[in-house]
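Peer 1: Provided below: protein39.cif, containing mmCIF, C-alpha atoms.
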```cif
data_structure
loop_
_atom_site.label_atom_id
_atom_site.label_comp_id
_atom_site.auth_asym_id
_atom_site.auth_seq_id
_atom_site.Cartn_x
_atom_site.Cartn_y
_atom_site.Cartn_z
CA GLU A 146 70.01 -188.65 -63.01
CA ASP A 147 72.51 -186.48 -64.89
CA LYS A 148 70.96 -183.74 -67.00
CA VAL A 149 72.25 -181.34 -69.65
CA VAL A 150 70.07 -178.57 -71.11
CA GLN A 151 71.02 -176.43 -74.08
CA SER A 152 69.52 -173.18 -75.25
CA PRO A 153 68.37 -171.93 -77.59
CA LEU A 154 67.17 -175.04 -79.40
CA SER A 155 67.62 -173.31 -82.73
CA LEU A 156 69.11 -170.09 -83.99
CA VAL A 157 69.11 -168.43 -87.42
CA VAL A 158 71.66 -165.72 -88.14
CA HIS A 159 73.38 -164.03 -91.07
CA GLU A 160 77.02 -164.37 -92.01
CA GLY A 161 79.19 -162.13 -89.90
CA ASP A 162 76.96 -162.25 -86.81
CA THR A 163 78.23 -163.41 -83.43
CA VAL A 164 76.34 -166.14 -81.61
CA THR A 165 76.35 -167.47 -78.06
CA LEU A 166 75.14 -170.96 -77.29
CA ASN A 167 74.30 -171.97 -73.73
CA CYS A 168 74.64 -175.20 -71.81
CA SER A 169 73.57 -175.83 -68.22
CA TYR A 170 74.02 -179.08 -66.37
CA GLU A 171 73.24 -181.07 -63.26
CA VAL A 172 75.56 -184.01 -62.77
CA THR A 173 77.02 -185.88 -59.87
CA ASN A 174 80.80 -186.14 -59.79
CA PHE A 175 81.42 -183.67 -62.59
CA ARG A 176 84.64 -184.27 -64.44
CA SER A 177 84.51 -182.28 -67.68
CA LEU A 178 82.27 -180.51 -70.19
CA LEU A 179 82.68 -181.00 -73.91
CA TRP A 180 81.37 -179.28 -77.02
CA TYR A 181 80.84 -181.12 -80.29
CA LYS A 182 79.77 -179.97 -83.75
CA GLN A 183 77.50 -182.31 -85.70
CA GLU A 184 76.83 -181.82 -89.36
CA LYS A 185 75.18 -184.62 -91.26
CA LYS A 186 77.02 -187.47 -89.66
CA ALA A 187 79.25 -188.00 -86.64
CA PRO A 188 79.80 -185.40 -83.94
CA THR A 189 83.27 -183.86 -84.16
CA PHE A 190 85.10 -182.71 -81.05
CA LEU A 191 85.54 -178.97 -80.43
CA PHE A 192 86.54 -178.34 -76.82
CA MET A 193 86.92 -180.00 -73.46
CA LEU A 194 86.68 -177.83 -70.34
CA THR A 195 87.53 -178.93 -66.85
CA SER A 196 88.42 -175.74 -64.98
CA SER A 197 86.22 -172.78 -64.22
CA GLY A 198 86.96 -169.44 -65.83
CA ILE A 199 89.57 -170.59 -68.31
CA GLU A 200 88.60 -169.81 -71.89
CA LYS A 201 89.41 -172.26 -74.62
CA LYS A 202 89.79 -170.79 -78.11
CA SER A 203 90.09 -172.20 -81.58
CA GLY A 204 89.94 -169.66 -84.36
CA ARG A 205 86.53 -167.97 -84.25
CA LEU A 206 85.19 -170.36 -81.62
CA SER A 207 85.67 -170.00 -77.90
CA SER A 208 84.16 -171.55 -74.81
CA ILE A 209 84.20 -171.02 -71.08
CA LEU A 210 82.96 -172.98 -68.09
CA ASP A 211 81.44 -171.74 -64.82
CA LYS A 212 81.49 -174.63 -62.34
CA LYS A 213 79.83 -172.61 -59.60
CA GLU A 214 76.79 -171.73 -61.69
CA LEU A 215 76.93 -175.06 -63.60
CA PHE A 216 76.96 -173.72 -67.13
CA SER A 217 79.09 -173.17 -70.17
CA ILE A 218 78.85 -170.97 -73.25
CA LEU A 219 80.14 -171.46 -76.75
CA ASN A 220 80.78 -168.30 -78.75
CA ILE A 221 81.20 -168.13 -82.49
CA THR A 222 82.28 -164.80 -83.94
CA ALA A 223 82.03 -163.68 -87.58
CA THR A 224 79.84 -166.66 -88.43
CA GLN A 225 80.11 -168.34 -91.83
CA THR A 226 77.70 -170.61 -93.68
CA GLY A 227 80.03 -173.51 -92.88
CA ASP A 228 79.24 -173.03 -89.20
CA SER A 229 75.70 -174.26 -89.84
CA ALA A 230 75.37 -177.44 -87.78
CA VAL A 231 74.00 -178.87 -84.56
CA TYR A 232 76.17 -177.97 -81.58
CA LEU A 233 76.12 -180.52 -78.80
CA CYS A 234 77.15 -180.03 -75.21
CA ALA A 235 78.09 -183.09 -73.14
CA VAL A 236 79.16 -183.63 -69.58
CA GLY A 237 81.42 -186.38 -68.34
CA SER A 238 81.19 -187.75 -64.83
CA ALA A 239 83.72 -189.68 -62.84
CA GLY A 240 83.54 -192.43 -60.30
CA GLY A 241 82.79 -196.12 -60.35
CA THR A 242 82.19 -197.51 -63.79
CA SER A 243 80.81 -194.23 -65.12
CA TYR A 244 84.25 -193.04 -66.04
CA GLY A 245 84.19 -192.20 -69.71
CA LYS A 246 80.43 -191.96 -70.19
CA LEU A 247 79.00 -188.68 -71.53
CA THR A 248 75.54 -187.19 -71.02
CA PHE A 249 74.53 -185.02 -73.97
CA GLY A 250 72.15 -182.12 -74.25
CA GLN A 251 69.59 -182.02 -77.03
CA GLY A 252 71.70 -179.72 -79.15
CA THR A 253 71.34 -176.25 -80.66
CA ILE A 254 70.64 -176.10 -84.39
CA LEU A 255 72.55 -173.16 -85.85
CA THR A 256 71.68 -171.94 -89.35
CA VAL A 257 73.85 -169.25 -90.92
CA HIS A 258 72.42 -167.54 -94.00
CA PRO A 259 74.69 -165.84 -96.54
CA ASP B 224 91.95 -195.97 -92.23
CA THR B 225 92.54 -194.11 -88.98
CA GLY B 226 88.93 -193.36 -88.05
CA VAL B 227 86.08 -195.25 -86.41
CA SER B 228 84.27 -197.35 -88.98
CA GLN B 229 80.65 -198.47 -88.75
CA ASN B 230 78.76 -200.86 -90.96
CA PRO B 231 76.27 -200.84 -92.46
CA ARG B 232 75.64 -197.13 -92.95
CA HIS B 233 71.92 -197.66 -93.38
CA LYS B 234 69.65 -200.53 -92.47
CA ILE B 235 65.94 -200.90 -93.18
CA THR B 236 64.27 -203.83 -91.51
CA LYS B 237 60.80 -205.11 -90.85
CA ARG B 238 59.44 -205.05 -87.34
CA GLY B 239 60.27 -208.25 -85.52
CA GLN B 240 63.49 -208.96 -87.41
CA ASN B 241 66.92 -209.09 -85.79
CA VAL B 242 69.68 -206.72 -86.86
CA THR B 243 73.40 -206.54 -86.11
CA PHE B 244 75.71 -203.57 -86.48
CA ARG B 245 79.47 -203.57 -86.46
CA CYS B 246 81.96 -200.99 -85.18
CA ASP B 247 85.70 -200.99 -85.83
CA PRO B 248 87.38 -198.52 -83.45
CA ILE B 249 90.69 -196.75 -83.87
CA SER B 250 93.15 -199.58 -83.39
CA GLU B 251 95.03 -198.26 -80.35
CA HIS B 252 91.87 -197.23 -78.48
CA ASN B 253 90.90 -199.60 -75.69
CA ARG B 254 87.56 -197.96 -74.87
CA LEU B 255 84.54 -198.35 -77.11
CA TYR B 256 81.11 -196.77 -76.65
CA TRP B 257 77.68 -197.19 -78.22
CA TYR B 258 75.19 -194.31 -78.30
CA ARG B 259 71.76 -193.94 -79.86
CA GLN B 260 70.52 -190.69 -81.36
CA THR B 261 66.95 -189.93 -82.42
CA LEU B 262 65.89 -186.96 -84.50
CA GLY B 263 66.21 -183.67 -82.65
CA GLN B 264 67.95 -185.20 -79.65
CA GLY B 265 71.51 -185.55 -78.49
CA PRO B 266 73.16 -188.97 -78.37
CA GLU B 267 72.09 -191.22 -75.48
CA PHE B 268 74.57 -193.56 -73.87
CA LEU B 269 73.89 -197.28 -74.35
CA THR B 270 76.98 -199.18 -73.25
CA TYR B 271 80.74 -199.18 -73.13
CA PHE B 272 83.68 -201.56 -73.17
CA GLN B 273 87.19 -201.38 -71.89
CA ASN B 274 89.02 -203.91 -73.98
CA GLU B 275 86.67 -206.92 -74.08
CA ALA B 276 84.92 -206.16 -70.77
CA GLN B 277 81.49 -204.52 -70.88
CA LEU B 278 81.74 -202.12 -67.94
CA GLU B 279 78.45 -200.28 -68.06
CA LYS B 280 75.07 -200.74 -69.64
CA SER B 281 72.30 -198.11 -69.72
CA ARG B 282 68.80 -198.79 -68.47
CA LEU B 283 67.80 -197.84 -72.03
CA LEU B 284 69.28 -201.10 -73.19
CA SER B 285 66.44 -203.58 -72.88
CA ASP B 286 67.03 -207.32 -72.97
CA ARG B 287 66.46 -207.20 -76.74
CA PHE B 288 69.80 -205.41 -77.09
CA SER B 289 73.15 -207.08 -76.70
CA ALA B 290 76.65 -205.88 -77.40
CA GLU B 291 79.93 -207.73 -77.60
CA ARG B 292 83.57 -206.96 -78.11
CA PRO B 293 85.03 -210.45 -78.20
CA LYS B 294 88.72 -209.77 -78.68
CA GLY B 295 88.86 -206.19 -77.51
CA SER B 296 88.92 -204.92 -81.07
CA PHE B 297 85.70 -204.57 -83.11
CA SER B 298 82.29 -204.59 -81.47
CA THR B 299 78.82 -205.69 -82.53
CA LEU B 300 75.45 -204.41 -81.36
CA GLU B 301 72.50 -206.72 -81.94
CA ILE B 302 68.85 -205.81 -81.62
CA GLN B 303 66.41 -208.71 -81.51
CA ARG B 304 62.73 -208.48 -82.42
CA THR B 305 63.06 -204.90 -83.62
CA GLU B 306 60.31 -202.39 -82.87
CA GLN B 307 59.49 -199.12 -84.60
CA GLY B 308 60.80 -197.27 -81.55
CA ASP B 309 64.24 -198.68 -82.27
CA SER B 310 64.51 -196.49 -85.38
CA ALA B 311 67.45 -194.19 -84.71
CA MET B 312 71.07 -193.48 -85.55
CA TYR B 313 73.40 -195.83 -83.68
CA LEU B 314 76.74 -194.20 -83.05
CA CYS B 315 79.95 -195.89 -82.00
CA ALA B 316 82.90 -194.02 -80.50
CA SER B 317 86.32 -194.98 -79.21
CA SER B 318 88.91 -193.40 -76.95
CA PRO B 319 92.38 -194.21 -75.65
CA GLY B 320 91.70 -194.99 -71.99
CA GLY B 321 90.22 -192.41 -69.65
CA ASN B 322 89.94 -189.64 -72.22
CA TYR B 323 86.71 -187.88 -73.09
CA GLY B 324 87.76 -186.49 -76.45
CA TYR B 325 86.53 -189.56 -78.14
CA THR B 326 86.15 -190.10 -81.87
CA PHE B 327 82.75 -190.98 -83.27
CA GLY B 328 82.02 -193.12 -86.28
CA SER B 329 79.57 -191.98 -88.94
CA GLY B 330 76.81 -194.10 -87.46
CA THR B 331 74.35 -196.71 -88.66
CA ARG B 332 70.90 -195.36 -89.40
CA LEU B 333 68.25 -197.96 -88.58
CA THR B 334 64.72 -197.70 -89.91
CA VAL B 335 62.18 -200.23 -88.68
CA VAL B 336 59.08 -200.46 -90.88
#
```
What would the structure in this file look like if it were written as structure tokens?
Peer 2:
Amino acid sequence: EDKVVQSPLSLVVHEGDTVTLNCSYEVTNFRSLLWYKQEKKAPTFLFMLTSSGIEKKSGRLSSILDKKELFSILNITATQTGDSAVYLCAVGSAGGTSYGKLTFGQGTILTVHP
Amino acid sequence: DTGVSQNPRHKITKRGQNVTFRCDPISEHNRLYWYRQTLGQGPEFLTYFQNEAQLEKSRLLSDRFSAERPKGSFSTLEIQRTEQGDSAMYLCASSPGGNYGYTFGSGTRLTVV
């Protein structure tokens, strides 16, 4: 069964700090790894990673995938209170009728204090 | 409206009652997914459709759960004889074909009392 584990489960920091969120996975027929941000409602898409070692960046957020060691990290620099959210990691597998289905981790709750 | 729409936003029901949720995906998206999320957990896959065909169904989906997408547009998820363990957020998402960057709706929060 596919499995995604995130750490830490929760993190409290002050504005301006840099944080690193971790995601490890075990999945058959890996296709891609995705990061989502979830505030009070629906998860919103951040990044999709398919190739090892290539960093994706968007403003203060960046992410990288290591397919050999089966993990990814999400970095947020110069954190702001608006970054407070649950960050979800998900892995997509390919093959058969599983194409399109995502397996999510339990999420990391990030709280940024002013 | 260009997003994924879910109704109702909240539903409180008594144990044993049937409930039905609706999802309207982004109009050009042919794939539609249902997930369930409980407090402190990530979303868990329930089922997905490509157009009107239900292509995969999770083992989590007992025979009390049924989903339909009759014309390949909106979808409904019905839970019969609800149990307290069914209390969760039910999320719908859609995507344009084989694309993982799917768009989630705001969810329907079900509380079974």
Peer 1: Do you know which residues are at most 9 Å from Lys186 (chain A) counting only C-alpha atoms, after dropping those on the same chain fewer than 3 positions away, and could you put them as a list in words?
Peer 2: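 Close residues of Lys186 (chain A): Gln183 of chain A; Gly328, Ser329 and Gly330 of chain B.
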Peer 1: Which residues are near region 270-284 of chain B? Cut-off 10 Å, all atoms listed in the file, ignore same chain within fewer than 3 positions. Put them as a ChimeraX atom specification.
Peer 2: /A:241-246 /B:252-259,267,287-298,300,302,315-321
Peer 1: Specify as a list in words all residues of chain A found within 9 Å of chain B, counting only C-alpha atoms.
Peer 2: Ser177, Leu179, Lys185, Lys186, Ala187, Pro188, Thr189, Phe190, Leu191, Phe192, Met193, Leu233, Cys234, Ala235, Gly237, Thr242, Ser243, Tyr244, Gly245, Lys246, Leu247, Thr248, Phe249, Gly250, Gln251, Gly252 and Ile254 of chain A
Peer 1: Evaluate the PyMOL selection byres ((chain A and resi 173) around 12) on the structure here and hand back the selected residues as a VMD selection string.
Peer 2: chain A and resid 146 to 149 170 to 172 174 to 177 215 236 to 241 243 to 244 248
Peer 1: Kindly give the distance, in Å, that separates CA of His258 (chain A) and CA of Glu200 (chain A), rounded to a single decimal.
Peer 2: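 Answer for the CA of His258 (chain A) to CA of Glu200 (chain A) separation: 27.5 Å.
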Peer 1: Distance CA of Gly161 (chain A)-CA of Ala230 (chain A), one decimal place?
Peer 2: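 Computing it gives 15.9 Å between the two atoms.
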Peer 1: Residues picked by the PyMOL selection byres ((chain A and resi 226) around 8) here, as a list in words?
Peer 2: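 Evaluating the PyMOL selection byres ((chain A and resi 226) around 8) on this file yields Glu160, Thr224, Gln225, Gly227, Asp228, Ser229, Thr256, Val257, His258 and Pro259 of chain A.
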Peer 1: Expand the PyMOL selection byres ((chain A and resi 222) around 6) into the individual residues it matches in the shown file, reporting them as a PDB file with C-alpha atoms, in the coordinates of the input.
Peer 2:
```pdb
ATOM      1  CA  THR A 163      78.230-163.410 -83.430  1.00  0.00           C
ATOM      2  CA  ARG A 205      86.530-167.970 -84.250  1.00  0.00           C
ATOM      3  CA  ILE A 221      81.200-168.130 -82.490  1.00  0.00           C
ATOM      4  CA  ALA A 223      82.030-163.680 -87.580  1.00  0.00           C
ATOM      5  CA  THR A 224      79.840-166.660 -88.430  1.00  0.00           C
TER       6      THR A 224
END
```
Peer 1: Which one of A:Val157, A:Val150, A:Leu219, A:Val231 sits closest to Ser207 (chain A) if you count all atoms listed in the file?
Peer 2: A:Leu219
Peer 1: Under the rule that all atoms listed in the file are counted, which of A:Leu210, A:Val164, A:Ile218, A:Leu255 is the nearest residue to Thr195 (chain A)?
Peer 2: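 Once distances to Thr195 (chain A) are computed over all atoms listed in the file, the minimum belongs to A:Leu210.
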Peer 1: Would you give the centre and edge lengths, in Å to one decimal, of a box along x, y and z around the listed atoms of region 311-325 of chain B, with 4 Å added to each side, as lines of an AutoDock Vina configuration file?
Peer 2:
```
center_x = 79.9
center_y = -191.2
center_z = -77.6
size_x = 32.9
size_y = 17.4
size_z = 23.9
```
